[in-house]
>>> print(open('run.cif').read())   # mmCIF, C-alpha atoms and all ligand atoms
data_entry
#
loop_
_atom_site.group_PDB
_atom_site.id
_atom_site.type_symbol
_atom_site.label_atom_id
_atom_site.label_comp_id
_atom_site.auth_asym_id
_atom_site.auth_seq_id
_atom_site.Cartn_x
_atom_site.Cartn_y
_atom_site.Cartn_z
ATOM 1 C CA MET Z 162 0.000 0.000 0.000
ATOM 2 C CA GLN Z 163 2.780 2.389 1.019
ATOM 3 C CA GLN Z 164 4.673 1.461 -2.158
ATOM 4 C CA GLU Z 165 1.594 2.096 -4.281
ATOM 5 C CA THR Z 166 1.108 5.489 -2.642
ATOM 6 C CA THR Z 167 4.655 6.644 -3.089
ATOM 7 C CA ALA Z 168 4.661 5.404 -6.704
ATOM 8 C CA LYS Z 169 1.629 7.586 -7.424
ATOM 9 C CA THR Z 170 3.259 10.652 -5.895
ATOM 10 C CA GLY Z 171 6.653 10.154 -7.494
ATOM 11 C CA GLY Z 172 8.259 8.993 -4.253
ATOM 12 C CA ALA Z 173 6.951 11.780 -1.993
ATOM 13 C CA ALA Z 174 4.897 10.702 1.037
ATOM 14 C CA GLN Z 175 1.234 11.387 0.359
ATOM 15 C CA GLY Z 176 -0.764 13.449 2.865
ATOM 16 C CA HIS Z 177 -4.262 12.616 4.009
ATOM 17 C CA LEU Z 178 -7.338 14.327 5.333
ATOM 18 C CA HIS Z 179 -7.615 15.250 9.005
ATOM 19 C CA PRO Z 180 -10.128 13.017 10.862
ATOM 20 C CA LEU Z 181 -12.487 15.974 11.427
ATOM 21 C CA THR Z 182 -12.430 16.791 7.702
ATOM 22 C CA GLN Z 183 -13.145 13.144 6.901
ATOM 23 C CA VAL Z 184 -16.179 13.180 9.196
ATOM 24 C CA ILE Z 185 -17.446 16.497 7.799
ATOM 25 C CA ARG Z 186 -17.224 15.060 4.264
ATOM 26 C CA GLU Z 187 -19.074 11.909 5.332
ATOM 27 C CA ILE Z 188 -21.820 14.026 6.881
ATOM 28 C CA TYR Z 189 -22.048 16.089 3.669
ATOM 29 C CA ALA Z 190 -22.515 12.864 1.688
ATOM 30 C CA VAL Z 191 -25.323 11.658 3.983
ATOM 31 C CA PHE Z 192 -27.174 14.965 3.739
ATOM 32 C CA HIS Z 193 -26.492 15.414 0.039
ATOM 33 C CA ASP Z 194 -28.433 12.174 -0.515
ATOM 34 C CA LEU Z 195 -31.275 13.672 1.547
ATOM 35 C CA GLY Z 196 -31.365 16.822 -0.619
ATOM 36 C CA PHE Z 197 -29.554 19.235 1.720
ATOM 37 C CA ASP Z 198 -27.238 22.044 0.523
ATOM 38 C CA VAL Z 199 -24.187 23.249 2.434
ATOM 39 C CA ALA Z 200 -24.177 26.804 3.851
ATOM 40 C CA LEU Z 201 -21.477 28.692 5.759
ATOM 41 C CA GLY Z 202 -21.410 31.685 8.091
ATOM 42 C CA PRO Z 203 -18.915 33.922 9.930
ATOM 43 C CA GLU Z 204 -17.021 32.813 13.037
ATOM 44 C CA LEU Z 205 -16.981 36.421 14.266
ATOM 45 C CA GLU Z 206 -20.682 36.968 14.916
ATOM 46 C CA ASP Z 207 -22.851 39.723 16.311
ATOM 47 C CA GLU Z 208 -25.030 39.469 19.372
ATOM 48 C CA PHE Z 209 -28.206 39.683 17.286
ATOM 49 C CA HIS Z 210 -27.498 36.588 15.182
ATOM 50 C CA ASN Z 211 -25.807 34.547 17.928
ATOM 51 C CA PHE Z 212 -28.478 35.239 20.582
ATOM 52 C CA ASP Z 213 -31.368 37.701 20.022
ATOM 53 C CA ALA Z 214 -32.776 36.328 16.772
ATOM 54 C CA LEU Z 215 -32.591 32.841 18.295
ATOM 55 C CA ASN Z 216 -34.982 33.885 21.063
ATOM 56 C CA ILE Z 217 -32.193 33.688 23.686
ATOM 57 C CA PRO Z 218 -33.133 36.160 26.436
ATOM 58 C CA LYS Z 219 -30.753 38.975 27.451
ATOM 59 C CA ASP Z 220 -30.262 37.377 30.891
ATOM 60 C CA HIS Z 221 -29.657 33.813 29.588
ATOM 61 C CA PRO Z 222 -26.587 32.223 31.257
ATOM 62 C CA ALA Z 223 -25.124 31.333 27.823
ATOM 63 C CA ARG Z 224 -24.422 35.048 27.310
ATOM 64 C CA ASP Z 225 -22.322 35.133 30.442
ATOM 65 C CA MET Z 226 -18.618 36.004 30.158
ATOM 66 C CA GLN Z 227 -17.927 32.521 31.523
ATOM 67 C CA ASP Z 228 -19.421 30.869 28.425
ATOM 68 C CA THR Z 229 -18.933 33.413 25.661
ATOM 69 C CA PHE Z 230 -15.823 35.050 24.227
ATOM 70 C CA TRP Z 231 -16.969 38.647 23.812
ATOM 71 C CA ILE Z 232 -14.945 40.979 21.579
ATOM 72 C CA LYS Z 233 -13.827 44.030 23.508
ATOM 73 C CA GLN Z 234 -15.723 47.165 22.482
ATOM 74 C CA SER Z 235 -14.263 50.646 22.319
ATOM 75 C CA LYS Z 236 -15.699 53.129 24.833
ATOM 76 C CA GLU Z 237 -17.201 55.106 21.925
ATOM 77 C CA ASP Z 238 -18.991 52.030 20.486
ATOM 78 C CA ALA Z 239 -20.263 51.057 23.933
ATOM 79 C CA ALA Z 240 -21.501 54.602 24.566
ATOM 80 C CA ALA Z 241 -23.230 54.600 21.163
ATOM 81 C CA ASN Z 242 -24.856 51.266 22.081
ATOM 82 C CA LYS Z 243 -23.313 49.571 19.019
ATOM 83 C CA ILE Z 244 -24.119 45.879 18.669
ATOM 84 C CA ARG Z 245 -21.514 43.716 20.401
ATOM 85 C CA GLN Z 246 -19.517 40.999 18.652
ATOM 86 C CA VAL Z 247 -18.733 37.486 19.866
ATOM 87 C CA LEU Z 248 -16.843 34.447 18.687
ATOM 88 C CA ARG Z 249 -19.902 32.426 17.745
ATOM 89 C CA THR Z 250 -20.837 29.974 20.491
ATOM 90 C CA HIS Z 251 -22.716 27.653 18.122
ATOM 91 C CA THR Z 252 -23.495 27.269 14.407
ATOM 92 C CA SER Z 253 -27.168 28.189 14.973
ATOM 93 C CA PRO Z 254 -26.713 31.881 13.939
ATOM 94 C CA VAL Z 255 -26.207 30.609 10.382
ATOM 95 C CA GLN Z 256 -29.841 29.402 10.469
ATOM 96 C CA VAL Z 257 -30.838 33.039 10.962
ATOM 97 C CA ARG Z 258 -28.471 34.375 8.291
ATOM 98 C CA TYR Z 259 -29.722 31.806 5.776
ATOM 99 C CA MET Z 260 -33.401 32.494 6.490
ATOM 100 C CA GLU Z 261 -32.805 36.257 6.178
ATOM 101 C CA THR Z 262 -31.576 35.809 2.610
ATOM 102 C CA HIS Z 263 -33.491 32.792 1.219
ATOM 103 C CA THR Z 264 -37.120 31.958 0.625
ATOM 104 C CA PRO Z 265 -38.345 28.563 1.866
ATOM 105 C CA PRO Z 266 -38.587 25.690 1.305
ATOM 106 C CA PHE Z 267 -34.928 24.813 1.950
ATOM 107 C CA ARG Z 268 -32.691 22.266 3.633
ATOM 108 C CA ILE Z 269 -29.141 23.077 4.668
ATOM 109 C CA VAL Z 270 -26.302 21.740 6.747
ATOM 110 C CA VAL Z 271 -23.706 24.117 8.168
ATOM 111 C CA PRO Z 272 -20.344 22.919 9.434
ATOM 112 C CA GLY Z 273 -18.022 25.196 11.334
ATOM 113 C CA LYS Z 274 -15.821 26.140 14.230
ATOM 114 C CA VAL Z 275 -17.443 27.413 17.423
ATOM 115 C CA PHE Z 276 -15.936 28.802 20.619
ATOM 116 C CA ARG Z 277 -16.833 28.565 24.294
ATOM 117 C CA ASN Z 278 -15.100 29.973 27.302
ATOM 118 C CA GLU Z 279 -15.210 26.788 29.332
ATOM 119 C CA ALA Z 280 -12.951 24.299 31.097
ATOM 120 C CA THR Z 281 -11.755 21.487 28.861
ATOM 121 C CA ASP Z 282 -11.890 17.730 29.447
ATOM 122 C CA ALA Z 283 -12.120 14.563 27.348
ATOM 123 C CA THR Z 284 -15.467 15.594 25.813
ATOM 124 C CA HIS Z 285 -15.091 19.407 25.928
ATOM 125 C CA GLU Z 286 -12.723 21.731 24.072
ATOM 126 C CA ALA Z 287 -12.844 25.565 24.073
ATOM 127 C CA GLN Z 288 -12.739 25.586 20.259
ATOM 128 C CA PHE Z 289 -14.649 22.773 18.612
ATOM 129 C CA HIS Z 290 -16.781 22.025 15.543
ATOM 130 C CA GLN Z 291 -20.516 21.697 15.084
ATOM 131 C CA ILE Z 292 -22.746 20.687 12.218
ATOM 132 C CA GLU Z 293 -26.022 22.551 12.085
ATOM 133 C CA GLY Z 294 -29.058 21.428 10.108
ATOM 134 C CA LEU Z 295 -32.128 23.403 9.083
ATOM 135 C CA TYR Z 296 -35.144 22.111 7.181
ATOM 136 C CA VAL Z 297 -37.991 24.548 6.464
ATOM 137 C CA ASP Z 298 -41.102 23.577 4.543
ATOM 138 C CA LYS Z 299 -44.858 23.125 5.064
ATOM 139 C CA ASN Z 300 -46.149 20.573 7.595
ATOM 140 C CA VAL Z 301 -42.783 19.625 9.070
ATOM 141 C CA SER Z 302 -43.046 17.493 12.220
ATOM 142 C CA MET Z 303 -40.889 15.804 14.872
ATOM 143 C CA ALA Z 304 -41.266 12.584 12.854
ATOM 144 C CA HIS Z 305 -39.268 14.171 9.988
ATOM 145 C CA LEU Z 306 -36.584 15.256 12.446
ATOM 146 C CA LYS Z 307 -36.360 11.859 14.112
ATOM 147 C CA GLY Z 308 -36.216 10.008 10.776
ATOM 148 C CA THR Z 309 -33.496 12.338 9.461
ATOM 149 C CA LEU Z 310 -31.300 12.010 12.542
ATOM 150 C CA GLU Z 311 -31.730 8.238 12.727
ATOM 151 C CA THR Z 312 -30.648 8.055 9.084
ATOM 152 C CA MET Z 313 -27.585 10.184 9.831
ATOM 153 C CA PHE Z 314 -26.497 8.022 12.790
ATOM 154 C CA LYS Z 315 -27.075 4.741 10.931
ATOM 155 C CA LYS Z 316 -25.108 5.941 7.894
ATOM 156 C CA LEU Z 317 -22.242 7.156 10.075
ATOM 157 C CA PHE Z 318 -22.092 4.322 12.614
ATOM 158 C CA GLY Z 319 -23.968 1.359 11.101
ATOM 159 C CA ASP Z 320 -27.480 -0.019 11.619
ATOM 160 C CA ASP Z 321 -26.772 -1.241 15.171
ATOM 161 C CA VAL Z 322 -25.973 2.211 16.545
ATOM 162 C CA ALA Z 323 -27.696 2.901 19.901
ATOM 163 C CA ILE Z 324 -29.129 6.433 20.154
ATOM 164 C CA ARG Z 325 -31.862 7.957 22.289
ATOM 165 C CA PHE Z 326 -33.900 11.173 22.171
ATOM 166 C CA ARG Z 327 -34.408 13.000 25.498
ATOM 167 C CA PRO Z 328 -36.851 15.880 26.066
ATOM 168 C CA SER Z 329 -34.851 19.082 26.535
ATOM 169 C CA PHE Z 330 -35.021 22.859 26.223
ATOM 170 C CA PHE Z 331 -33.524 25.315 23.746
ATOM 171 C CA PRO Z 332 -34.963 28.848 23.424
ATOM 172 C CA PHE Z 333 -34.936 28.496 19.619
ATOM 173 C CA THR Z 334 -36.899 25.219 19.335
ATOM 174 C CA GLU Z 335 -40.197 23.956 20.678
ATOM 175 C CA PRO Z 336 -40.387 21.075 21.405
ATOM 176 C CA SER Z 337 -36.682 20.382 21.923
ATOM 177 C CA VAL Z 338 -34.695 17.186 22.327
ATOM 178 C CA GLU Z 339 -31.152 16.126 23.052
ATOM 179 C CA VAL Z 340 -29.709 13.145 21.256
ATOM 180 C CA ASP Z 341 -27.376 10.733 23.058
ATOM 181 C CA MET Z 342 -25.309 7.886 21.709
ATOM 182 C CA GLN Z 343 -23.994 4.951 23.675
ATOM 183 C CA TRP Z 344 -20.250 5.186 24.347
ATOM 184 C CA LYS Z 345 -18.165 3.027 26.680
ATOM 185 C CA GLY Z 346 -21.233 1.776 28.577
ATOM 186 C CA ARG Z 347 -22.712 5.257 29.085
ATOM 187 C CA TRP Z 348 -24.771 7.744 27.101
ATOM 188 C CA LEU Z 349 -22.830 10.643 25.577
ATOM 189 C CA GLU Z 350 -24.731 13.749 24.479
ATOM 190 C CA MET Z 351 -24.111 14.281 20.772
ATOM 191 C CA GLY Z 352 -26.386 17.219 19.953
ATOM 192 C CA GLY Z 353 -29.571 19.190 20.329
ATOM 193 C CA ALA Z 354 -32.547 19.524 18.015
ATOM 194 C CA GLY Z 355 -36.198 20.457 17.751
ATOM 195 C CA LEU Z 356 -38.877 22.259 15.775
ATOM 196 C CA VAL Z 357 -37.988 25.862 14.894
ATOM 197 C CA HIS Z 358 -39.572 28.211 17.466
ATOM 198 C CA PRO Z 359 -42.194 30.626 16.018
ATOM 199 C CA ASN Z 360 -40.207 33.571 17.467
ATOM 200 C CA VAL Z 361 -37.204 32.592 15.310
ATOM 201 C CA PHE Z 362 -39.397 32.670 12.192
ATOM 202 C CA LYS Z 363 -40.773 36.061 13.281
ATOM 203 C CA ALA Z 364 -37.203 37.418 13.759
ATOM 204 C CA VAL Z 365 -36.501 36.697 10.073
ATOM 205 C CA GLU Z 366 -39.949 37.849 8.925
ATOM 206 C CA LEU Z 367 -41.285 34.429 7.971
ATOM 207 C CA ASP Z 368 -44.842 33.579 8.934
ATOM 208 C CA PRO Z 369 -44.797 30.663 11.438
ATOM 209 C CA LYS Z 370 -48.368 29.797 10.445
ATOM 210 C CA GLU Z 371 -47.205 29.220 6.884
ATOM 211 C CA TRP Z 372 -43.795 27.604 7.522
ATOM 212 C CA GLN Z 373 -42.546 24.992 9.935
ATOM 213 C CA GLY Z 374 -39.110 23.518 10.312
ATOM 214 C CA PHE Z 375 -36.743 21.381 12.242
ATOM 215 C CA ALA Z 376 -33.187 22.198 13.214
ATOM 216 C CA PHE Z 377 -30.303 20.443 14.900
ATOM 217 C CA GLY Z 378 -26.729 21.008 16.023
ATOM 218 C CA PHE Z 379 -24.235 18.198 16.638
ATOM 219 C CA GLY Z 380 -20.675 18.114 17.920
ATOM 220 C CA ILE Z 381 -18.421 16.982 15.079
ATOM 221 C CA ASP Z 382 -15.517 16.339 17.461
ATOM 222 C CA ARG Z 383 -17.593 13.865 19.446
ATOM 223 C CA ILE Z 384 -18.813 12.159 16.256
ATOM 224 C CA ALA Z 385 -15.184 11.810 15.083
ATOM 225 C CA MET Z 386 -14.035 10.495 18.470
ATOM 226 C CA LEU Z 387 -16.712 7.787 18.538
ATOM 227 C CA LYS Z 388 -16.285 6.946 14.883
ATOM 228 C CA PHE Z 389 -12.524 6.502 15.011
ATOM 229 C CA GLY Z 390 -12.504 5.084 18.541
ATOM 230 C CA TYR Z 391 -10.233 7.524 20.367
ATOM 231 C CA TYR Z 392 -10.998 8.809 23.836
ATOM 232 C CA ASP Z 393 -10.394 12.555 24.043
ATOM 233 C CA VAL Z 394 -11.709 15.266 21.692
ATOM 234 C CA ARG Z 395 -8.676 17.446 22.446
ATOM 235 C CA LEU Z 396 -6.338 14.998 20.678
ATOM 236 C CA SER Z 397 -7.399 16.111 17.204
ATOM 237 C CA TYR Z 398 -6.087 19.656 17.840
ATOM 238 C CA THR Z 399 -2.603 18.701 19.032
ATOM 239 C CA GLY Z 400 -1.059 18.395 15.564
ATOM 240 C CA ASP Z 401 0.660 15.238 16.865
ATOM 241 C CA LEU Z 402 1.415 13.183 13.754
ATOM 242 C CA ARG Z 403 1.517 9.946 15.772
ATOM 243 C CA PHE Z 404 -2.188 10.560 16.378
ATOM 244 C CA ILE Z 405 -3.190 12.112 13.040
ATOM 245 C CA ASN Z 406 -1.451 9.498 10.892
ATOM 246 C CA GLN Z 407 -3.610 6.722 12.325
ATOM 247 C CA PHE Z 408 -6.643 7.911 10.363
HETATM 248 C C1 LIG W 1 -30.224 22.774 19.255
HETATM 249 C C2 LIG W 1 -31.450 22.939 18.624
HETATM 250 C C3 LIG W 1 -31.444 23.402 17.323
HETATM 251 O O1 LIG W 1 -32.620 23.620 16.708
HETATM 252 C C4 LIG W 1 -30.278 23.660 16.621
HETATM 253 C C5 LIG W 1 -29.056 23.499 17.268
HETATM 254 C C6 LIG W 1 -29.042 23.035 18.571
HETATM 255 C C7 LIG W 1 -27.750 22.900 19.286
HETATM 256 C C8 LIG W 1 -27.384 24.156 20.074
HETATM 257 N N1 LIG W 1 -27.074 25.291 19.202
HETATM 258 C C9 LIG W 1 -26.136 23.841 20.908
HETATM 259 O O2 LIG W 1 -25.067 24.368 20.654
HETATM 260 N N2 LIG W 1 -26.348 22.935 21.848
HETATM 261 S S1 LIG W 1 -25.181 22.349 22.796
HETATM 262 O O3 LIG W 1 -24.600 23.425 23.565
HETATM 263 O O4 LIG W 1 -25.745 21.287 23.585
HETATM 264 O O5 LIG W 1 -24.063 21.777 21.854
HETATM 265 C C10 LIG W 1 -24.401 20.817 20.862
HETATM 266 C C11 LIG W 1 -23.369 19.738 20.833
HETATM 267 O O6 LIG W 1 -22.072 20.298 20.628
HETATM 268 C C12 LIG W 1 -23.230 18.958 22.149
HETATM 269 O O7 LIG W 1 -24.239 17.993 22.264
HETATM 270 C C13 LIG W 1 -21.857 18.349 21.959
HETATM 271 O O8 LIG W 1 -21.878 17.246 21.082
HETATM 272 C C14 LIG W 1 -21.115 19.475 21.286
HETATM 273 N N3 LIG W 1 -20.383 20.265 22.282
HETATM 274 C C15 LIG W 1 -20.876 21.189 23.144
HETATM 275 N N4 LIG W 1 -19.895 21.735 23.873
HETATM 276 C C16 LIG W 1 -18.742 21.144 23.460
HETATM 277 C C17 LIG W 1 -19.051 20.190 22.446
HETATM 278 N N5 LIG W 1 -18.103 19.442 21.840
HETATM 279 C C18 LIG W 1 -16.818 19.627 22.223
HETATM 280 N N6 LIG W 1 -16.449 20.539 23.179
HETATM 281 C C19 LIG W 1 -17.369 21.311 23.798
HETATM 282 N N7 LIG W 1 -16.985 22.211 24.692
#
>>> encode(input="run.cif", output="structure tokens")
Amino acid sequence: MQQETTAKTGGAAQGHLHPLTQVIREIYAVFHDLGFDVALGPELEDEFHNFDALNIPKDHPARDMQDTFWIKQSKEDAAANKIRQVLRTHTSPVQVRYMETHTPPFRIVVPGKVFRNEATDATHEAQFHQIEGLYVDKNVSMAHLKGTLETMFKKLFGDDVAIRFRPSFFPFTEPSVEVDMQWKGRWLEMGGAGLVHPNVFKAVELDPKEWQGFAFGFGIDRIAMLKFGYYDVRLSYTGDLRFINQF
């Protein structure tokens, strides 16, 4: 195999895709087959798209300095009440940006880096990746969401994958669920999802009586860790070739 590779590249060692890139491409392929497009958005976000338009109240703990990397404002901008900027804390603001500029129906997935000011451990990093999904059409229900996510997990992990849906709360979905996958004898939270909250549709001037939708956001780092069988999401950011070259 090595000989074949070096023959193809004229003797030079051939590179390969990072495990996170491999997973993102696999997810694209799953959703491409389901008719989803790919959309992207900025990592430097404003408070409106990251929080307000997603129905996240001004006093929500997620806005706290402990969770969010706020960009320092000049005194003049603060005095003029200019909108504050953040490193986006999730990929959900891209839902808002997409709905502001497109007319439904649409289906998109949005990969990207997100940032949280939090302590790190084997399943948490301060900079990590999420994949967002948004499906807006007429008569969309939780059954569509559940079917779509089950398809994603089966395609990524095989038909025997063990996942569960738990009732949860997000300000931007109603009802909301969290999705867990079995890992080392316990359930690991993989993402959140739900039906798009009417207030989110109103924020982008879509009529919630006319349109419904589902949305979801999953941690790509956790998907990669479970898929490739390593044990710490932080490993993929070390640049350690002994780790990277295994995939
Ligand atoms: C929920 C509903 C929707 O309609 C759309 C999106 C969502 C998800 C929501 N925006 C969100 O960010 N939820 S979350 O805070 O629970 O994060 C989602 C997933 O990202 C987690 O389940 C986990 O898999 C991953 N994650 C969260 N913090 C992480 C992390 N992965 C690595 N390091 C961290 N610090």
>>> residues_around(input="run.cif", residues="Lys219 (chain Z)", least_positions_apart="6", cutoff="12 Å", atoms="only C-alpha atoms", output="PyMOL selection string")
chain Z and resi 208-209+211-213+225+332
>>> resolve_selection(input="run.cif", expression="the PyMOL selection byres (((chain Z and resi 329) around 10) and not hetatm)", output="PyMOL selection string")
chain Z and resi 326-328+330-331+334-340+353-355
>>> closest_residue(input="run.cif", among="Z:Asp382, Z:Asp321, Z:Asp401, Z:Asp393", to="ligand LIG 1 (chain W)", atoms="all atoms listed in the file")
Z:Asp382
>>> closest_residue(input="run.cif", among="Z:Leu310, Z:Val357, Z:Val257, Z:Leu178", to="ligand LIG 1 (chain W)", atoms="all atoms listed in the file")
Z:Val357
>>> residues_near_ligand(input="run.cif", ligand="ligand LIG 1 (chain W)", cutoff="8 Å", atoms="only C-alpha atoms and all ligand atoms", output="ChimeraX atom specification")
/Z:250-253,276-277,279-281,284-291,293-295,331,333-334,337-341,350-357,375-384,394
>>> resolve_selection(input="run.cif", expression="the PyMOL selection byres (((chain Z and resi 206) around 8) and not hetatm)", output="PyMOL selection string")
chain Z and resi 203-205+207-208+210-211+246-249+254
>>> closest_residue(input="run.cif", among="Z:Asp228, Z:Gln373, Z:Gln183, Z:Val199", to="Ser302 (chain Z)", atoms="all atoms listed in the file")
Z:Gln373
>>> residues_near_point(input="run.cif", point="(-39.8, 35.3, 3.5)", cutoff="10 Å", atoms="all atoms listed in the file", output="PDB file with C-alpha atoms, in the coordinates of the input")
ATOM      1  CA  MET Z 260     -33.401  32.494   6.490  1.00  0.00           C
ATOM      2  CA  GLU Z 261     -32.805  36.257   6.178  1.00  0.00           C
ATOM      3  CA  THR Z 262     -31.576  35.809   2.610  1.00  0.00           C
ATOM      4  CA  HIS Z 263     -33.491  32.792   1.219  1.00  0.00           C
ATOM      5  CA  THR Z 264     -37.120  31.958   0.625  1.00  0.00           C
ATOM      6  CA  PRO Z 265     -38.345  28.563   1.866  1.00  0.00           C
ATOM      7  CA  PRO Z 266     -38.587  25.690   1.305  1.00  0.00           C
ATOM      8  CA  PHE Z 362     -39.397  32.670  12.192  1.00  0.00           C
ATOM      9  CA  LYS Z 363     -40.773  36.061  13.281  1.00  0.00           C
ATOM     10  CA  VAL Z 365     -36.501  36.697  10.073  1.00  0.00           C
ATOM     11  CA  GLU Z 366     -39.949  37.849   8.925  1.00  0.00           C
ATOM     12  CA  LEU Z 367     -41.285  34.429   7.971  1.00  0.00           C
ATOM     13  CA  ASP Z 368     -44.842  33.579   8.934  1.00  0.00           C
ATOM     14  CA  TRP Z 372     -43.795  27.604   7.522  1.00  0.00           C
TER      15      TRP Z 372
END
>>> atom_distance(input="run.cif", atom1="CA of Ala200 (chain Z)", atom2="CA of Arg258 (chain Z)")
9.8 Å
>>> atom_distance(input="run.cif", atom1="CA of Ile185 (chain Z)", atom2="CA of Ile292 (chain Z)")
8.1 Å
>>> atom_distance(input="run.cif", atom1="CA of Val184 (chain Z)", atom2="CA of Leu396 (chain Z)")
15.2 Å
>>> axis_aligned_box(input="run.cif", around="region 386-389 of chain Z", padding_each_side="5 Å", output="AutoDock Vina command-line options")
--center_x -14.6 --center_y 8.5 --center_z 16.7 --size_x 14.2 --size_y 14.0 --size_z 13.7
>>> resolve_selection(input="run.cif", expression="the PyMOL selection byres (((chain Z and resi 189-195) around 10) and not hetatm)", output="PyMOL selection string")
chain Z and resi 183-188+196-199+268-272+292+294+309+312-317
>>> closest_residue(input="run.cif", among="Z:Ile232, Z:Glu371, Z:Gly172, Z:Asp282", to="Tyr392 (chain Z)", atoms="all atoms listed in the file")
Z:Asp282
